[in-house]
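Enquirer: Below you'll find the structure I mean.
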Amino acid sequence: QVQLVESGGGLVQAGGSLRLSCAASGRTFSSYALGWFCQAPGKEREFVATITWMSGDTTHYADSVKGRFTVSRDNAKNTAYLQMNSLRPEDPAVYYCAAPAAWYNNSLLYTNKQRYNYWGQGTQVNVSS
């Protein structure tokens with residue numbers, strides 16, 4: 001079992017920055033990958049970013065956040081991060097981190113929320129215009 005706890009959400013002005021953290025416990029996630037997803041009211045949970053590290057770090061981002069968000073990890077701390085810069089009024093949502101229970105050779109498969117078995121409780125991000 002893996003427990004994930006997100007933190008770092010809050011209210012920021014448009015153009016500002018936030019750094020979300022995802023702390024893992026129960027089992028190290030150092031073997032596979034970690035994903036970030038977001039869910040706005042009335043919408044489906046959507047992919048934001050993922051990082052995999054079987055052969056060096058590989059990252060993927062949703063088109064809407066490319067160039068603005070950066071995903072990283074610190075395995076020694078069992079913590080992953082989502083640096084969110086240039087936040088926009090359309091970015092507000094609950095942001096979740098998630099960990100898979102299986103390894104897939106194709107890192108793009110981790111952009112699909114169905115690949116993830118463990119989810120945090122989420123952290124709210126709000127952006128004021």
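Letters A, B, ... go to the chains of the structure tokens in the order shown; residues in each chain start at 1; ligands are counted from 1 in the same order.
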Can you tell me, as a PyMOL selection string, which residues in chain A count as strand (DSSP E) by DSSP?
Expert: chain A and resi 3-7+10-13+18-25+33-39+46-52+58-61+69-74+79-84+93-100+116-119+123-128
Enquirer: If we count only C-alpha atoms and set the cut-off at 12 Å, which residues sit around Gly67 (chain A), ignoring sequence neighbours fewer than 4 positions away in its own chain? Please answer as a list of chain:residue names.
Expert: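 Final neighbour list, sorted by chain and number: A:Ala49, A:His60, A:Tyr61, A:Ala62, A:Asp63, A:Val71, A:Gln83, A:Met84, A:Asn85, A:Ser86, A:Leu87.
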Enquirer: Gly122 (chain A): which residues within 8 Å, counting only C-alpha atoms, same-chain residues fewer than 3 positions away excluded, as a ChimeraX atom specification?
Expert: /A:5-7,94-97
Enquirer: Measuring atom to atom with only C-alpha atoms, identify which of A:Gly120, A:Arg115, A:Arg45, A:Phe37 is nearest to Ala101 (chain A).
Expert: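 Comparing A:Gly120, A:Arg115, A:Arg45, A:Phe37 against Ala101 (chain A), the winner is A:Arg115.
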Enquirer: Given only C-alpha atoms as the basis, pick out the residue of A:Leu11, A:Val48, A:Ala98, A:Leu4 nearest to Tyr32 (chain A).
Expert: A:Ala98
